[in-house]
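Trainee: My structure is in protein.tsv, and what it holds is TSV, C-alpha atoms:
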chain	number	residue	atom	x	y	z
A	923	MET	CA	15.27	1.27	-20.59
A	924	THR	CA	15.38	-0.51	-17.27
A	925	LEU	CA	11.67	0.06	-16.62
A	926	ALA	CA	8.93	-1.24	-18.91
A	927	LEU	CA	6.59	1.55	-17.80
A	928	ASP	CA	6.88	4.45	-20.22
A	929	PRO	CA	8.33	7.74	-18.92
A	930	THR	CA	5.02	9.62	-19.28
A	931	ALA	CA	3.32	7.12	-16.99
A	932	GLN	CA	6.29	7.20	-14.60
A	933	ASP	CA	5.89	10.97	-14.39
A	934	LEU	CA	2.12	10.80	-13.94
A	935	LEU	CA	2.24	8.25	-11.13
A	936	PHE	CA	5.52	9.02	-9.40
A	937	ARG	CA	8.03	11.54	-10.67
A	938	GLU	CA	5.84	14.58	-11.34
A	939	ALA	CA	3.11	13.66	-8.85
A	940	HIS	CA	3.04	15.30	-5.46
A	941	THR	CA	0.76	15.34	-2.46
A	942	ALA	CA	-1.55	18.32	-3.06
A	943	ASN	CA	-2.36	20.80	-0.33
A	944	THR	CA	-4.69	23.08	-2.32
A	945	PHE	CA	-7.29	22.26	-4.97
A	946	THR	CA	-9.22	24.02	-7.71
A	947	GLY	CA	-13.00	23.94	-7.54
A	948	GLU	CA	-13.28	21.53	-10.48
A	949	PRO	CA	-15.48	18.65	-9.32
A	950	VAL	CA	-14.40	15.01	-9.27
A	951	SER	CA	-17.06	12.89	-10.91
A	952	GLU	CA	-18.44	9.56	-9.83
A	953	GLU	CA	-17.24	8.18	-13.18
A	954	GLN	CA	-13.65	9.14	-12.33
A	955	ILE	CA	-13.73	7.37	-8.98
A	956	GLN	CA	-15.38	4.35	-10.55
A	957	ALA	CA	-12.56	4.20	-13.11
A	958	VAL	CA	-10.00	4.43	-10.30
A	959	TYR	CA	-11.73	1.65	-8.41
A	960	ASP	CA	-12.05	-0.58	-11.48
A	961	LEU	CA	-8.30	-0.29	-11.93
A	962	ILE	CA	-7.07	-0.71	-8.38
A	963	LYS	CA	-9.48	-3.48	-7.41
A	964	LEU	CA	-7.34	-5.76	-9.61
A	965	ALA	CA	-4.14	-5.37	-7.58
A	966	PRO	CA	-3.37	-8.20	-5.16
A	967	THR	CA	-4.52	-8.86	-1.61
A	968	ALA	CA	-4.00	-12.02	0.44
A	969	PHE	CA	-6.64	-14.62	-0.43
A	970	ASN	CA	-8.21	-11.92	-2.63
A	971	GLN	CA	-9.80	-10.64	0.56
A	972	SER	CA	-10.22	-7.09	-0.80
A	973	PRO	CA	-10.96	-5.50	2.58
A	974	LEU	CA	-10.63	-1.81	1.57
A	975	ARG	CA	-13.77	0.31	1.74
A	976	ILE	CA	-13.98	3.84	0.35
A	977	THR	CA	-16.41	6.38	1.78
A	978	LEU	CA	-16.79	9.41	-0.49
A	979	LEU	CA	-17.88	12.58	1.26
A	980	ARG	CA	-19.79	14.46	-1.43
A	981	SER	CA	-22.45	16.35	0.50
A	982	ARG	CA	-21.72	19.46	2.52
A	983	GLU	CA	-23.34	17.78	5.48
A	984	ALA	CA	-21.00	14.76	5.35
A	985	ARG	CA	-17.97	17.04	5.01
A	986	GLU	CA	-19.08	19.07	8.02
A	987	ARG	CA	-19.18	15.90	10.10
A	988	LEU	CA	-15.55	15.16	9.22
A	989	LEU	CA	-13.90	18.57	9.56
A	990	PRO	CA	-13.83	18.85	13.38
A	991	LEU	CA	-12.25	15.38	13.50
A	992	MET	CA	-9.32	16.39	11.29
A	993	SER	CA	-6.19	17.71	12.95
A	994	ARG	CA	-6.02	21.50	12.87
A	995	GLY	CA	-3.45	21.63	10.06
A	996	ASN	CA	-5.58	19.41	7.82
A	997	ARG	CA	-8.92	21.22	8.23
A	998	ASP	CA	-8.67	24.02	5.69
A	999	LYS	CA	-7.46	21.86	2.83
A	1000	THR	CA	-10.02	19.19	3.63
A	1001	GLY	CA	-12.75	21.81	3.65
A	1002	SER	CA	-11.70	23.13	0.25
A	1003	ALA	CA	-11.03	19.87	-1.62
A	1004	PRO	CA	-13.70	19.00	-4.19
A	1005	LEU	CA	-13.86	15.45	-2.84
A	1006	THR	CA	-12.66	13.73	0.30
A	1007	ALA	CA	-12.53	9.97	0.79
A	1008	ILE	CA	-12.28	8.03	4.02
A	1009	LEU	CA	-10.37	4.80	3.39
A	1010	SER	CA	-11.27	2.09	5.88
A	1011	VAL	CA	-10.98	-1.63	6.49
A	1012	ASP	CA	-14.09	-3.79	6.54
A	1013	LEU	CA	-13.57	-5.86	9.70
A	1014	ASP	CA	-16.16	-8.30	8.39
A	1015	PHE	CA	-14.44	-8.77	5.04
A	1016	HIS	CA	-14.48	-12.51	5.67
A	1017	GLU	CA	-18.21	-12.67	4.99
A	1018	LYS	CA	-17.48	-12.04	1.30
A	1019	LEU	CA	-14.56	-14.51	1.12
A	1020	PRO	CA	-16.56	-17.52	-0.16
A	1021	ARG	CA	-17.48	-15.44	-3.21
A	1022	LEU	CA	-14.03	-13.81	-3.60
A	1023	LEU	CA	-12.12	-17.08	-3.20
A	1024	PRO	CA	-14.47	-19.86	-4.30
A	1025	ALA	CA	-11.69	-22.48	-4.09
A	1026	ARG	CA	-11.49	-22.07	-0.31
A	1027	PRO	CA	-15.09	-21.99	0.92
A	1028	THR	CA	-14.18	-22.77	4.53
A	1029	LEU	CA	-11.46	-20.12	4.93
A	1030	LYS	CA	-14.05	-17.65	6.18
A	1031	ASP	CA	-14.56	-19.67	9.35
A	1032	ASP	CA	-11.38	-21.77	9.58
A	1033	MET	CA	-9.00	-18.84	9.46
A	1034	TYR	CA	-11.10	-15.75	10.04
A	1035	GLY	CA	-13.62	-16.79	12.63
A	1036	GLU	CA	-11.47	-14.96	15.15
A	1037	ALA	CA	-11.79	-11.16	15.22
A	1038	GLU	CA	-8.22	-10.28	16.22
A	1039	LEU	CA	-6.57	-12.08	13.30
A	1040	ARG	CA	-9.24	-10.73	10.97
A	1041	GLU	CA	-8.53	-7.17	12.01
A	1042	ARG	CA	-4.78	-7.63	11.69
A	1043	HIS	CA	-4.85	-9.25	8.25
A	1044	GLY	CA	-7.69	-7.03	7.02
A	1045	SER	CA	-5.93	-3.84	8.09
A	1046	PHE	CA	-2.70	-4.93	6.43
A	1047	ASN	CA	-4.34	-5.79	3.13
A	1048	ALA	CA	-6.59	-2.72	3.14
A	1049	THR	CA	-3.45	-0.63	3.65
A	1050	LEU	CA	-1.80	-2.26	0.63
A	1051	GLN	CA	-4.96	-1.30	-1.25
A	1052	ALA	CA	-4.74	2.25	0.11
A	1053	GLY	CA	-1.33	2.44	-1.56
A	1054	TYR	CA	-2.87	1.22	-4.83
A	1055	PHE	CA	-5.69	3.76	-4.42
A	1056	LEU	CA	-3.32	6.73	-4.07
A	1057	LEU	CA	-1.57	5.72	-7.30
A	1058	GLY	CA	-4.98	5.06	-8.88
A	1059	VAL	CA	-6.09	8.63	-8.13
A	1060	ARG	CA	-2.96	9.81	-9.90
A	1061	ALA	CA	-3.73	7.46	-12.79
A	1062	ALA	CA	-6.96	9.43	-13.22
A	1063	GLY	CA	-4.90	12.60	-13.66
A	1064	LEU	CA	-5.97	13.83	-10.24
A	1065	ALA	CA	-3.91	14.80	-7.22
A	1066	ALA	CA	-4.26	12.97	-3.93
A	1067	GLY	CA	-3.69	14.48	-0.51
A	1068	PRO	CA	-3.44	11.58	1.95
A	1069	MET	CA	-3.71	12.47	5.65
A	1070	SER	CA	-3.13	10.43	8.78
A	1071	GLY	CA	-3.73	13.44	11.03
A	1072	PHE	CA	-7.29	12.88	12.24
A	1073	ASP	CA	-9.12	11.51	15.27
A	1074	ALA	CA	-9.46	7.91	14.11
A	1075	GLN	CA	-11.69	6.79	16.96
A	1076	GLY	CA	-13.88	9.85	16.41
A	1077	VAL	CA	-14.15	9.13	12.68
A	1078	ASP	CA	-15.02	5.50	13.38
A	1079	LYS	CA	-17.74	6.58	15.81
A	1080	GLU	CA	-19.12	9.27	13.51
A	1081	PHE	CA	-19.07	7.34	10.22
A	1082	PHE	CA	-18.86	3.65	11.16
A	1083	GLY	CA	-21.11	3.50	14.17
A	1084	ASP	CA	-21.85	-0.19	13.77
A	1085	GLY	CA	-18.21	-1.02	14.50
A	1086	ARG	CA	-17.70	-2.95	11.26
A	1087	GLN	CA	-15.18	-0.55	9.72
A	1088	LYS	CA	-12.06	1.22	10.93
A	1089	ALA	CA	-10.69	4.34	9.26
A	1090	LEU	CA	-7.13	4.05	7.94
A	1091	LEU	CA	-6.50	7.21	5.92
A	1092	VAL	CA	-8.36	10.31	4.77
A	1093	VAL	CA	-7.59	11.44	1.21
A	1094	ASN	CA	-8.40	14.74	-0.47
A	1095	ILE	CA	-8.87	14.37	-4.22
A	1096	GLY	CA	-8.97	16.98	-6.96
A	1097	ARG	CA	-7.01	19.12	-9.37
A	1098	PRO	CA	-4.12	20.89	-7.68
A	1099	GLY	CA	-4.73	24.58	-6.99
A	1100	PRO	CA	-2.30	27.49	-6.53
A	1101	ASP	CA	0.81	26.66	-4.52
A	1102	ALA	CA	-0.49	23.12	-4.12
A	1103	PHE	CA	2.88	21.45	-3.70
A	1104	LEU	CA	5.68	21.72	-1.20
A	1105	PRO	CA	9.18	21.16	-2.58
A	1106	ARG	CA	10.07	17.47	-2.88
A	1107	LYS	CA	11.67	16.28	0.33
A	1108	PRO	CA	14.76	14.06	0.33
A	1109	ARG	CA	14.38	10.31	0.05
A	1110	LEU	CA	16.62	7.56	1.40
A	1111	GLU	CA	19.42	6.37	-0.82
A	1112	TYR	CA	19.09	2.91	-2.31
A	1113	ALA	CA	21.70	1.46	0.04
A	1114	GLU	CA	19.87	2.84	3.06
A	1115	ALA	CA	16.57	1.18	2.17
A	1116	VAL	CA	17.73	-1.95	0.34
A	1117	SER	CA	20.15	-4.59	1.55
A	1118	VAL	CA	21.39	-7.65	-0.33
A	1119	LEU	CA	22.10	-11.01	1.26
B	528	MET	CA	-10.88	8.62	-21.61
B	529	THR	CA	-11.72	8.76	-17.92
B	530	LEU	CA	-8.18	7.79	-16.88
B	531	ALA	CA	-5.11	9.84	-17.78
B	532	LEU	CA	-2.90	6.75	-17.57
B	533	ASP	CA	-2.59	5.22	-21.03
B	534	PRO	CA	-4.10	1.77	-21.62
B	535	THR	CA	-0.71	0.09	-22.12
B	536	ALA	CA	0.39	1.24	-18.68
B	537	GLN	CA	-2.98	0.24	-17.19
B	538	ASP	CA	-2.45	-3.24	-18.59
B	539	LEU	CA	1.14	-3.45	-17.38
B	540	LEU	CA	0.36	-2.41	-13.82
B	541	PHE	CA	-3.17	-3.69	-13.28
B	542	ARG	CA	-5.27	-5.28	-16.00
B	543	GLU	CA	-2.84	-7.81	-17.49
B	544	ALA	CA	-0.70	-8.21	-14.38
B	545	HIS	CA	-1.21	-11.18	-12.09
B	546	THR	CA	0.43	-12.64	-9.05
B	547	ALA	CA	2.95	-15.16	-10.43
B	548	ASN	CA	3.33	-18.62	-8.99
B	549	THR	CA	6.11	-19.89	-11.26
B	550	PHE	CA	9.13	-18.11	-12.74
B	551	THR	CA	11.64	-18.56	-15.53
B	552	GLY	CA	15.31	-18.75	-14.63
B	553	GLU	CA	16.02	-15.30	-16.06
B	554	PRO	CA	17.84	-13.34	-13.36
B	555	VAL	CA	16.60	-10.03	-11.92
B	556	SER	CA	19.44	-7.53	-11.91
B	557	GLU	CA	20.41	-5.08	-9.21
B	558	GLU	CA	19.83	-2.31	-11.78
B	559	GLN	CA	16.20	-3.39	-12.16
B	560	ILE	CA	15.55	-3.29	-8.43
B	561	GLN	CA	17.33	0.03	-8.16
B	562	ALA	CA	15.06	1.42	-10.88
B	563	VAL	CA	12.01	0.10	-9.02
B	564	TYR	CA	13.20	1.69	-5.80
B	565	ASP	CA	14.02	5.02	-7.44
B	566	LEU	CA	10.45	5.13	-8.70
B	567	ILE	CA	8.52	4.00	-5.64
B	568	LYS	CA	10.57	5.94	-3.11
B	569	LEU	CA	8.80	9.05	-4.45
B	570	ALA	CA	5.29	7.97	-3.47
B	571	PRO	CA	3.93	9.47	-0.26
B	572	THR	CA	4.35	8.45	3.37
B	573	ALA	CA	3.27	10.41	6.46
B	574	PHE	CA	5.93	12.99	7.35
B	575	ASN	CA	8.01	11.47	4.54
B	576	GLN	CA	9.01	8.83	7.10
B	577	SER	CA	9.85	6.24	4.41
B	578	PRO	CA	9.98	3.28	6.83
B	579	LEU	CA	10.03	0.44	4.25
B	580	ARG	CA	13.16	-1.67	4.08
B	581	ILE	CA	13.80	-4.23	1.35
B	582	THR	CA	16.02	-7.25	1.95
B	583	LEU	CA	16.98	-8.99	-1.28
B	584	LEU	CA	17.87	-12.65	-0.93
B	585	ARG	CA	20.35	-13.25	-3.74
B	586	SER	CA	22.66	-15.91	-2.36
B	587	ARG	CA	21.68	-19.55	-2.10
B	588	GLU	CA	22.62	-19.43	1.56
B	589	ALA	CA	20.22	-16.55	2.29
B	590	ARG	CA	17.41	-18.30	0.42
B	591	GLU	CA	18.00	-21.49	2.37
B	592	ARG	CA	17.54	-19.58	5.61
B	593	LEU	CA	14.13	-18.37	4.44
B	594	LEU	CA	12.60	-21.50	2.93
B	595	PRO	CA	11.81	-23.41	6.14
B	596	LEU	CA	10.06	-20.28	7.47
B	597	MET	CA	7.67	-20.09	4.51
B	598	SER	CA	4.34	-21.86	4.77
B	599	ARG	CA	4.38	-25.22	3.01
B	600	GLY	CA	2.42	-23.99	-0.02
B	601	ASN	CA	4.84	-21.11	-0.58
B	602	ARG	CA	8.11	-23.06	-0.38
B	603	ASP	CA	8.51	-24.45	-3.88
B	604	LYS	CA	7.77	-21.21	-5.68
B	605	THR	CA	10.00	-19.27	-3.30
B	606	GLY	CA	12.79	-21.75	-3.90
B	607	SER	CA	12.49	-21.39	-7.66
B	608	ALA	CA	12.05	-17.61	-8.00
B	609	PRO	CA	15.11	-15.82	-9.37
B	610	LEU	CA	14.84	-13.23	-6.59
B	611	THR	CA	12.96	-13.03	-3.30
B	612	ALA	CA	12.57	-9.85	-1.24
B	613	ILE	CA	11.60	-9.54	2.40
B	614	LEU	CA	9.71	-6.27	2.88
B	615	SER	CA	9.98	-4.97	6.43
B	616	VAL	CA	9.41	-1.90	8.54
B	617	ASP	CA	12.34	-0.13	10.16
B	618	LEU	CA	11.13	0.36	13.73
B	619	ASP	CA	13.81	3.02	14.17
B	620	PHE	CA	12.76	4.98	11.10
B	621	HIS	CA	12.50	8.08	13.31
B	622	GLU	CA	16.28	8.34	13.51
B	623	LYS	CA	16.32	9.43	9.86
B	624	LEU	CA	13.39	11.87	10.20
B	625	PRO	CA	15.45	15.02	10.80
B	626	ARG	CA	17.03	14.45	7.39
B	627	LEU	CA	13.81	13.33	5.66
B	628	LEU	CA	11.71	16.17	7.08
B	629	PRO	CA	14.10	19.03	7.80
B	630	ALA	CA	11.23	21.43	8.59
B	631	ARG	CA	10.29	19.40	11.69
B	632	PRO	CA	13.59	18.64	13.43
B	633	THR	CA	11.96	17.77	16.76
B	634	LEU	CA	9.34	15.34	15.42
B	635	LYS	CA	11.75	12.46	15.92
B	636	ASP	CA	11.54	12.85	19.68
B	637	ASP	CA	8.28	14.77	20.21
B	638	MET	CA	6.10	12.31	18.35
B	639	TYR	CA	8.18	9.21	17.89
B	640	GLY	CA	10.10	8.88	21.12
B	641	GLU	CA	7.59	6.22	22.11
B	642	ALA	CA	8.06	2.78	20.57
B	643	GLU	CA	4.41	1.71	20.36
B	644	LEU	CA	3.28	4.69	18.26
B	645	ARG	CA	6.42	4.39	16.15
B	646	GLU	CA	5.68	0.76	15.36
B	647	ARG	CA	2.04	1.47	14.55
B	648	HIS	CA	2.72	4.44	12.25
B	649	GLY	CA	5.83	2.87	10.76
B	650	SER	CA	4.06	-0.39	9.94
B	651	PHE	CA	1.16	1.46	8.33
B	652	ASN	CA	3.37	3.61	6.14
B	653	ALA	CA	5.72	0.75	5.24
B	654	THR	CA	2.64	-1.21	4.16
B	655	LEU	CA	1.54	1.66	1.90
B	656	GLN	CA	5.05	1.49	0.45
B	657	ALA	CA	4.73	-2.28	0.04
B	658	GLY	CA	1.72	-1.56	-2.18
B	659	TYR	CA	3.81	0.90	-4.21
B	660	PHE	CA	6.61	-1.69	-4.42
B	661	LEU	CA	4.36	-4.40	-5.88
B	662	LEU	CA	3.24	-1.99	-8.60
B	663	GLY	CA	6.84	-0.86	-9.05
B	664	VAL	CA	7.95	-4.44	-9.73
B	665	ARG	CA	5.29	-4.58	-12.42
B	666	ALA	CA	6.51	-1.24	-13.76
B	667	ALA	CA	9.84	-2.96	-14.37
B	668	GLY	CA	8.07	-5.51	-16.55
B	669	LEU	CA	8.48	-8.18	-13.90
B	670	ALA	CA	5.93	-10.27	-12.07
B	671	ALA	CA	5.54	-10.10	-8.31
B	672	GLY	CA	4.38	-12.92	-6.09
B	673	PRO	CA	3.53	-11.41	-2.70
B	674	MET	CA	3.10	-13.84	0.20
B	675	SER	CA	1.81	-13.37	3.73
B	676	GLY	CA	2.11	-17.07	4.49
B	677	PHE	CA	5.34	-17.27	6.49
B	678	ASP	CA	6.47	-17.46	10.10
B	679	ALA	CA	6.87	-13.74	10.74
B	680	GLN	CA	8.47	-14.09	14.15
B	681	GLY	CA	10.83	-16.69	12.74
B	682	VAL	CA	11.81	-14.40	9.85
B	683	ASP	CA	12.36	-11.51	12.25
B	684	LYS	CA	14.59	-13.65	14.42
B	685	GLU	CA	16.52	-15.13	11.49
B	686	PHE	CA	17.02	-11.94	9.46
B	687	PHE	CA	16.46	-9.04	11.86
B	688	GLY	CA	18.07	-10.36	15.01
B	689	ASP	CA	18.70	-6.89	16.42
B	690	GLY	CA	14.95	-6.28	16.71
B	691	ARG	CA	15.01	-3.11	14.63
B	692	GLN	CA	12.95	-4.48	11.73
B	693	LYS	CA	9.74	-6.45	11.40
B	694	ALA	CA	8.87	-8.46	8.30
B	695	LEU	CA	5.62	-7.46	6.57
B	696	LEU	CA	5.55	-9.36	3.29
B	697	VAL	CA	7.74	-11.73	1.27
B	698	VAL	CA	7.74	-11.14	-2.49
B	699	ASN	CA	9.00	-13.40	-5.25
B	700	ILE	CA	10.18	-11.44	-8.28
B	701	GLY	CA	10.93	-12.57	-11.81
B	702	ARG	CA	9.57	-13.34	-15.25
B	703	PRO	CA	6.48	-15.54	-15.13
B	704	GLY	CA	7.13	-19.19	-16.01
B	705	PRO	CA	4.80	-21.89	-17.37
B	706	ASP	CA	1.31	-21.87	-15.86
B	707	ALA	CA	2.34	-18.93	-13.68
B	708	PHE	CA	-1.12	-17.48	-13.24
B	709	LEU	CA	-4.34	-18.69	-11.72
B	710	PRO	CA	-7.52	-17.43	-13.38
B	711	ARG	CA	-8.52	-13.95	-12.19
B	712	LYS	CA	-10.75	-14.21	-9.16
B	713	PRO	CA	-13.89	-12.07	-8.80
B	714	ARG	CA	-13.64	-8.61	-7.31
B	715	LEU	CA	-16.20	-6.63	-5.35
B	716	GLU	CA	-18.58	-4.46	-7.32
B	717	TYR	CA	-18.13	-0.71	-7.04
B	718	ALA	CA	-21.20	-0.32	-4.85
B	719	GLU	CA	-19.94	-2.99	-2.46
B	720	ALA	CA	-16.62	-1.26	-1.85
B	721	VAL	CA	-17.53	2.41	-2.31
B	722	SER	CA	-20.25	4.37	-0.56
B	723	VAL	CA	-21.23	7.98	-1.11
B	724	LEU	CA	-22.40	10.34	1.63
As structure tokens, what does this structure read like?

Mentor:
Amino acid sequence: MTLALDPTAQDLLFREAHTANTFTGEPVSEEQIQAVYDLIKLAPTAFNQSPLRITLLRSREARERLLPLMSRGNRDKTGSAPLTAILSVDLDFHEKLPRLLPARPTLKDDMYGEAELRERHGSFNATLQAGYFLLGVRAAGLAAGPMSGFDAQGVDKEFFGDGRQKALLVVNIGRPGPDAFLPRKPRLEYAEAVSVL
Amino acid sequence: MTLALDPTAQDLLFREAHTANTFTGEPVSEEQIQAVYDLIKLAPTAFNQSPLRITLLRSREARERLLPLMSRGNRDKTGSAPLTAILSVDLDFHEKLPRLLPARPTLKDDMYGEAELRERHGSFNATLQAGYFLLGVRAAGLAAGPMSGFDAQGVDKEFFGDGRQKALLVVNIGRPGPDAFLPRKPRLEYAEAVSVL
């Protein structure tokens, strides 16, 4: 075997997993999301900065605030998913750096005193973590439906009014419902994506 | 069990995996990287745009071109890793969209005719894929050493002179060597990273 990961896990995370477009009504528990977080929090970010924030929309009221901000094609599925998460970057992640990286107590100010660099590095590392999160949802035996089609400025204004967070991705989470999956689309061949020097 | 992923796979990908800072001399084969790619290519990107490109530096000559562009603290480990990959975004990913998303043949021009939006969406989705790649390296039983500390403009100029790609992350890949790992640093508590509305 070329991969150390066993085939069942390969199937769960990658081969048999698909972006879900419909969901059953089965709820997603807080314990499940905590287990996902406790797994994916361990994967790497630069300087251990851990800038990803996850906003779970559990109440009907919170969901109703999001729906008009989703693009038209994403509204129905978002309205019917048992749980929807807004993944965002904490633009003030540096405030927690002295605790997250005790060996570099001055990094918070030396490197990240400046907002533009903070936003650029934070967004990059939170996006890496968003990738971990999508696989983490699958690790919980759940389907993820990640969506970039939403009014990002509107979501920031509605949910992150203090300007400290910026939305990156909205993710529906649940058990796949009827006709949940589109057929797998083609992927690039190895030689198209990978070059060797 | 709250997670469907078995504990051995949890350990391999997350709990027992660490960013490696030293490596043994054991080579990483092309077959291993192909297996990683064939796994992670399946994970989702918006519109299946698949903008990540992976440049494997196998020759001594290619490695020598990279080393002076790495930050001082990343040079020795990069010089000693059996394989180093530059992860980049293909800024012209839209040219392949008609094949990757046959149902939307006009998306290439309608949405992505404009370079700024293309770079923004492409960089975001390639970064999600970078997250998948790091876990994919671990799925191969290898250790990854991701590094943001490099001269990104210098790497772009040296390796992507035609301006079509932008470097996102440099990753050392191999078997961990002596004293490869630093102690695990603290992570944010669930309630610090996750909020419920």

Trainee: Measuring between all atoms listed in the file, which one of B:Glu685, B:Leu530, B:Thr572, B:Gly672 shows the shortest distance to Leu628 of chain B?

Mentor: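 Answer, going by the shortest atom-to-atom distance: B:Thr572.
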
Trainee: Counting only C-alpha atoms, a student should be able to say which residues of chain A come within 7 Å of chain B; what is the right answer, written as a VMD selection string?

Mentor: chain A and resid 924 to 927 931 936 to 937 954 956 to 957 959 961 to 965 968 974 to 981 984 1022 to 1023 1046 1049 to 1054 1061 to 1063 1070 1107 to 1109 1112 1115 to 1119

Trainee: Could you check how far atom CA of Asp1084 of chain A sits from atom CA of Val1011 of chain A, in Å to one decimal?

Mentor: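 Rounded to one decimal, the two atoms are 13.2 Å apart.
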
Trainee: Just how far from atom CA of Ser993 of chain A is atom CA of Gly1083 of chain A, in Å to one decimal?

Mentor: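 About the pair atom CA of Gly1083 of chain A and atom CA of Ser993 of chain A: they are 20.6 Å apart.
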
Trainee: Distance atom CA of Leu1104 of chain A-atom CA of Leu991 of chain A, one decimal place?

Mentor: 24.0 Å

Trainee: So that I can see what lies close to Gly1076 of chain A, please list as a tab-separated table (two decimals) with C-alpha atoms, in the frame of the given file the residues with an atom at most 12 Å from it, counting all atoms listed in the file and leaving out residues fewer than 3 positions away in the same chain.

Mentor:
chain	number	residue	atom	x	y	z
A	987	ARG	CA	-19.18	15.90	10.10
A	988	LEU	CA	-15.55	15.16	9.22
A	989	LEU	CA	-13.90	18.57	9.56
A	990	PRO	CA	-13.83	18.85	13.38
A	991	LEU	CA	-12.25	15.38	13.50
A	992	MET	CA	-9.32	16.39	11.29
A	993	SER	CA	-6.19	17.71	12.95
A	1072	PHE	CA	-7.29	12.88	12.24
A	1073	ASP	CA	-9.12	11.51	15.27
A	1079	LYS	CA	-17.74	6.58	15.81
A	1080	GLU	CA	-19.12	9.27	13.51
A	1081	PHE	CA	-19.07	7.34	10.22
A	1082	PHE	CA	-18.86	3.65	11.16
A	1083	GLY	CA	-21.11	3.50	14.17
A	1085	GLY	CA	-18.21	-1.02	14.50
A	1088	LYS	CA	-12.06	1.22	10.93
A	1089	ALA	CA	-10.69	4.34	9.26

Trainee: May I have the residues within 7 Å of segment 942-950 of chain A as a list of chain:residue names, using all atoms listed in the file and disregarding those fewer than 2 positions away in the same chain?

Mentor: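 Neighbouring residues, sequence-local ones excluded: A:His940, A:Glu952, A:Gln954, A:Lys999, A:Ser1002, A:Ala1003, A:Pro1004, A:Leu1005, A:Ala1065, A:Ala1066, A:Gly1067, A:Gly1096, A:Arg1097, A:Pro1098, A:Gly1099, A:Pro1100, A:Asp1101, A:Ala1102, A:Phe1103.
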
Trainee: Padding of 6 Å on every side, edges along x, y and z, all listed atoms of segment 666-676 of chain B included: what centre and edge lengths in Å, to one decimal, does that box have, as AutoDock Vina command-line options?

Mentor:
--center_x 5.8 --center_y -9.2 --center_z -6.0 --size_x 20.0 --size_y 27.8 --size_z 33.0

Trainee: I need every residue sitting at most 6 Å from the point (10.0, -11.4, -3.6) (coordinates as in the file, all atoms listed in the file considered), written as JSON, numbers by chain.

Mentor: {"B": [610, 611, 612, 697, 698, 699, 700]}
